[in-house]
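Student: I'd like to ask you about the structure that follows.
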Amino acid sequence: MLRPLVDQARKLYAKPDAPLHGIWPLFDAAETFLFTPGHTTPKDGPHIRDYMDLKRTMWTVILALMPCLLWSFFNTGYQHFEAVQSMGGSTYTVGWLQSLIFGQSYGASLVAREFDISLLDQLVFGLQRMLPIVVVSYFVGLNIEGVFAVKRKHEISEGYLVTGMLVALIVPASIPLWQLALSVAFSVILCKEIFGGTGMNIFNVAMMSRAFLFFAYPAQMSGDAIWVAGNDTGAAATAVIDGYSAPTALAAAASANLSGNAIDTTGTFESAAEAVAQQVGSWSDLFFGLVPGSAGETSAFCALLGAVLLVMAGVGSWRTMVGGVIGMVALAFLSNIAFGQLDGIGGYPPHWHLVSGGFAFGIVFMATDPVTSPETDRGKWIYGFLIGAVTVMVRWVNPAYPEGVMLAVLLLNAFAPTIDHFIVQSNVKRRKARLA
Amino acid sequence: MITHKISRGFDIPLAGACDRVVVDAPTPQRVAVEAADFPGLKAKMLVAEGDRVQTGQPLFFDKKRDGVRLVSPGTGKVVAVELGARRALQRVVIELEDQDDYCSELPTLDLVRLRQGGFERSAIVEAIVGAGLWPLLRQRPIGKVADPNREPVAVYLNGMDTEPLAADPSFLVQGQSEELQAGVDLLRQLTSGQVYLTVRAGEQPKEFEALHGVEMHGFKGAHPAGLVGTHIRTIRPMKADESAYSLRVQDAVQLGRWLLTGHYPTERMVAVVGEGVADRRYVRTRQGADLRSLMGRFWGESTRTINGTVLSGRAADRDGSLGFYAQTLTCILEGEGERDLFGWMIPQPNKLSFHRAMWSWILPRKKGFSVDARVHGGPRAIVNIGAWEAVTALDIHPTYLVRAIQSDDLEEAISLGLLEVTEEDVALCTFVDPCKIDVGAVIRKGLDLYEAEG
C-alpha cells in the first residue's frame, strides 16, 4: 500500500534532472528508513550479501539503550519527588506534561496529599523532562547530518541515531535545552562532520558534547553536585526545587572525612564507602541506579542489560568492556593499598567504583564505539583496560572533578590509533621476519 | 597427514545443495571461451570468424603471458569473435559439429620418460602451454594465470572446497586415480619444491590416499579453510620474491588425461546448485558449453546464474556459457527491486546473516537459507564491528590493509600483507560487512597497482 506512494514520490527526487534532486539524500534516508534498498550485487565478486546493514547495527545499540532510557524516565521523576519531599513546601509548580495529563490543579492536589506520589507521577515527570531532551538532541543532530549529506551528495549515515540517544542519556535531566542544542551542534559539526562524517571521527561524538557542556557551563555540569530536575521555569516561578542539590556518590566519596585519617582524626566516617552509603545510597542503590546523576547513566544494572544485548548481538566488543572492568578493579585495588587511609576516594573499594558515576554506562556504550576505539582485538583489551584505569586515576587524583570516565574515554580515543599502530606494526615486523 | 585447524571463518548456510548423482547433459550446440575468466588477458587472435577449428586448436594467445594460449574445446565453425570496449576480446563462440576432430599438432609428453625426469622444465612448460592447459595453473601472489618463466617454490593442489554449495572435489575426481597420478607426476617436474595436496581433515577418498609424490595436509574449520591462500599461509608462508602455483585436483585430472590420451580434455563435470534451479545434480558436459543446453527448461528468467560459487563466481549472461574454471554452477534469485518494509528494524529470523544481531542464529536450519542477490544496504564508510576480522583466517589486519590501498599507499599495503591475499580470500569480508564495502574490489585494485608498478 505504501510502496506505490513512495515510488510516486521517488520520481520527484531520483533522476539528476528531477525538480527535487538536490535533496535526494534526504529522500533516500526516508525511503530506506521505510524499505530496505532493492539494488543487487555487481556481476563480479560476492553475489550475496549479509542482511545486516549499518541501520541494524545502530538499531541494535538503540535497543540496548532502552533499559537505560526507561530507567531515566523513572529515576528523573523519583529524584525530583525525593527532593520535593525532603524540602517540604506548600506550593508546587506544574510542568507542561503534568498539566496536560493531570490538569492545572495537579500542584494543589500534590500539596494536599503531602506529596504522596505514585509511580505514575514519577514517570510523567520523567517523561516531561526527558522527551524534550531526546527530541532536541535528535532534531539538532539529524538536521546537521542532513545538511552535510545534501552538500556532499552522500547517503545519510546512521551514526547519529545512536549518538542522539547517547547524548540525551549522559546529560543531567535539569539541563537547559539551549545548552543541549549548542553542545550537539558543536560536537556534530566540529568533531564529526569536519572529519568527514560517521566513520571518520576521532573522538566519540556524544562524549564530546558532554565535554563541551562540562567546560562551557561548569555551573550546571560539575560532577560533584548534579542538579535534580525541577519545574523551574524562570524568575517568576517559585519552584521548591530551586536550590536543592544532592551529592553524587563520587563527590561524597571524594570529600569523605575519615575518622582513621592520619591528618584529620575528627572524621565522621569509617570509610569512603560508608560515607557514600550514608549520604547517597547503599551499594545496591548505586547498582540499580536509585541515585541522582545524569539522566540515563546512574544505573549500572541497566547498562549491564545493554551490555548483554550488545555482546550477544556481536555489535559491542566484550574485550573492551571486560578490559575496562579489569583496569578499574586493578587500579582501585592499587589505590586502596597505597592510600587507603589517607584519602577519601583512595580507599573507595573496587566494587563501589564499578557502580558509581557513569563508568558502567561509559564502558558499555561509549568505549565500545567501533569508530573511535582500536580495531585490533589486542588493542581493544589495552584500550578498555586503560579506560578503566584512567577513570580511577581521574577520580582519585582530581578532587575538583571526581567523575573520570568522560575524560578517560576522550583521552583514550586520542590514543586509539596509537594503540592500533603498535599492534599492526608487530604484524608488519612478523611479516618482515618471515619474508627475509 | 598433518592436520591444521582454522579457527576463524564462516560457512554460509545456503539452501539448494545438489544430490550426489551424475547425469549427462544434452550435447551443447555451441561452446565458447570467455575472456572474463582470465583477468588481465590481452588476447591476440589466431582464428577469425568463419574459420573451422579442431578440438585443441589454438584460438588466441595472451600477449602479456609469453604466449599462454587458449585452445578450442570443440570442433566446428567459429561463429563469433566478440570484442568489447577498446577492442578487447570478450569471447569466441564455436558452433559444434557432431564429431570431435582432434588437432594433430597438440604437443604431448611421454609419461614414462616424464616420470623418470627425462624432460627439462622448459620443455614441460612449453608442452603444457602448447596444449592450452597452462591457464589451469594459477599463481600466488596476485592470483592470476601463472607466469611460465617463474619457477614456483611449491605447488598447491587443492582437494577441498569450503565455498557455499561448491562441488566436492573428491567427488569430481572419483574413479580417476590414474589421471590424477599422471597430473601429479607432471606437477612435480614444474617445481624443485613440494607438491602439497590439501584435503578436508578426516576425509580421505582412495583417490587421494593412493597418490604418490605429494605431501598431504588436512584442514578443518569453516570457510576459508579450503582456500589456497589459507593453505599457503598455514603450510609454508612465502618469502619475498617467491611464488607458488595453485590448482585444484580436478585440474590435475585434466592434465593427467591430456598426458594419457594425447588429446585436449574437453569433458567437464559441474555441480548445478542453488534454489534458482529445480534439478540439482552433477552434470557431465563439455568445457564452455552454452548454458541454455545445460539448464534446460527449468531456468527461470529472474535467475542469476553464476559460473562458480556465490562468493567467487562470475554472473553469466543469458546466452553465456560455462566458464573455463567453473566446476559449480550456482543459480540464485536476482531479487532486484524487491524491498522489505522496516527490514532493518524487525527481527529477521528467515534472513541469512553472519551477525547475531539478526537473530536468525537462534533457529538454525539444516537446509540453509534462501537468498537473492540484493545488497541489503547502502554504501558507508568503514564502521568496524570486528566482522572482517572474525572471518579472516590470514595473518593480516583487513581494515588497515583496505585503508592503505584506499589511500594508494602501495608500500604500506605490501607491508600489511597485500601479496598474501586475493579477492577470494576476502570474499567473506564483503559478505559480512554491514557497510557494504566491496573488499575484494579494493584488494584487486591494490594488486593491479602492484603489477603496474612492477
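Residues in the C-alpha cells are named by chain (A, B, ... in the order shown) and by number from 1 within that chain; ligands are numbered from 1 in the order shown.
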Give me the residues within 6 Å of B:Leu137 as a PyMOL selection string, counting only C-alpha atoms and dropping any in the same chain fewer than 2 places off.

Tutor: chain B and resi 134-135+146+246-247

Student: Selected residues, N, CA and C atoms, written as a PDB file, in the first residue's frame, please.

Tutor:
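Result went into again-v5.pdb, see below:
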ATOM      1  N   TRP B 134      47.837 -24.503 -19.798  1.00  0.00           N
ATOM      2  CA  TRP B 134      48.577 -23.702 -18.819  1.00  0.00           C
ATOM      3  C   TRP B 134      47.673 -22.846 -17.931  1.00  0.00           C
ATOM      4  N   PRO B 135      46.575 -22.265 -18.466  1.00  0.00           N
ATOM      5  CA  PRO B 135      45.730 -21.425 -17.603  1.00  0.00           C
ATOM      6  C   PRO B 135      45.144 -22.162 -16.403  1.00  0.00           C
ATOM      7  N   ALA B 146      49.405 -18.399 -14.033  1.00  0.00           N
ATOM      8  CA  ALA B 146      50.806 -18.418 -13.626  1.00  0.00           C
ATOM      9  C   ALA B 146      51.741 -17.906 -14.723  1.00  0.00           C
ATOM     10  N   SER B 246      49.038 -22.746  -7.932  1.00  0.00           N
ATOM     11  CA  SER B 246      47.933 -23.422  -7.282  1.00  0.00           C
ATOM     12  C   SER B 246      46.981 -23.945  -8.345  1.00  0.00           C
ATOM     13  N   LEU B 247      46.427 -25.110  -8.082  1.00  0.00           N
ATOM     14  CA  LEU B 247      45.382 -25.660  -8.938  1.00  0.00           C
ATOM     15  C   LEU B 247      44.549 -26.621  -8.113  1.00  0.00           C
TER      16      LEU B 247
END

Student: Determine which residues of chain A sit within 7 Å of chain B, taking into account only C-alpha atoms, and present them as a PyMOL selection string.

Tutor: chain A and resi 33-41+43-56+59-60+157+199+312-315+370-371+375+428+434-436

Student: May I have the residues within 8 Å of stretch 82-91 of chain B as a ChimeraX atom specification, using only C-alpha atoms and disregarding those fewer than 4 positions away in the same chain?

Tutor: /B:32-36,42-43

Student: Assign secondary structure with DSSP using the backbone only, and return the residues of stretch 239-406 of chain B in helix (DSSP H, G or I) as JSON, numbers by chain.

Tutor: {"B": [249, 250, 251, 252, 253, 254, 255, 256, 257, 258, 259, 260, 261, 291, 292, 293, 294, 295, 296, 297, 298, 356, 357, 358, 387, 388, 389, 390, 398, 399, 400, 401, 402, 403, 404, 405, 406]}

Student: Restrict the selected residues to C-alpha atoms and save them as an mmCIF file, in the first residue's frame.

Tutor:
data_model
loop_
_atom_site.group_PDB
_atom_site.id
_atom_site.type_symbol
_atom_site.label_atom_id
_atom_site.label_comp_id
_atom_site.auth_asym_id
_atom_site.auth_seq_id
_atom_site.Cartn_x
_atom_site.Cartn_y
_atom_site.Cartn_z
ATOM 1 C CA VAL B 249 42.604 -31.747 -8.078
ATOM 2 C CA GLN B 250 40.105 -31.721 -10.921
ATOM 3 C CA ASP B 251 42.556 -29.554 -12.892
ATOM 4 C CA ALA B 252 45.296 -32.085 -12.246
ATOM 5 C CA VAL B 253 42.976 -34.741 -13.638
ATOM 6 C CA GLN B 254 42.649 -32.680 -16.832
ATOM 7 C CA LEU B 255 46.429 -32.519 -17.118
ATOM 8 C CA GLY B 256 46.631 -36.250 -16.498
ATOM 9 C CA ARG B 257 44.006 -37.012 -19.111
ATOM 10 C CA TRP B 258 45.917 -34.979 -21.663
ATOM 11 C CA LEU B 259 49.100 -36.939 -20.860
ATOM 12 C CA LEU B 260 47.316 -40.263 -21.076
ATOM 13 C CA THR B 261 45.278 -39.651 -24.233
ATOM 14 C CA LEU B 291 24.110 -22.516 -20.583
ATOM 15 C CA ARG B 292 20.790 -22.940 -22.369
ATOM 16 C CA SER B 293 21.585 -26.529 -23.239
ATOM 17 C CA LEU B 294 22.820 -27.113 -19.719
ATOM 18 C CA MET B 295 19.993 -25.580 -17.765
ATOM 19 C CA GLY B 296 17.086 -26.787 -19.862
ATOM 20 C CA ARG B 297 13.557 -25.640 -19.317
ATOM 21 C CA PHE B 298 13.717 -25.120 -15.567
ATOM 22 C CA ARG B 356 23.869 -12.379 15.711
ATOM 23 C CA ALA B 357 22.059 -9.034 15.642
ATOM 24 C CA MET B 358 19.806 -10.620 13.021
ATOM 25 C CA ALA B 387 33.213 -8.767 11.496
ATOM 26 C CA TRP B 388 36.036 -8.716 8.920
ATOM 27 C CA GLU B 389 38.498 -9.952 11.468
ATOM 28 C CA ALA B 390 36.151 -12.712 12.590
ATOM 29 C CA PRO B 398 42.000 -6.390 6.839
ATOM 30 C CA THR B 399 40.745 -2.920 7.731
ATOM 31 C CA TYR B 400 44.230 -1.470 7.828
ATOM 32 C CA LEU B 401 45.114 -3.183 4.562
ATOM 33 C CA VAL B 402 41.983 -1.781 2.905
ATOM 34 C CA ARG B 403 42.668 1.714 4.186
ATOM 35 C CA ALA B 404 46.248 1.590 2.904
ATOM 36 C CA ILE B 405 45.012 0.618 -0.570
ATOM 37 C CA GLN B 406 42.258 3.212 -0.492
#
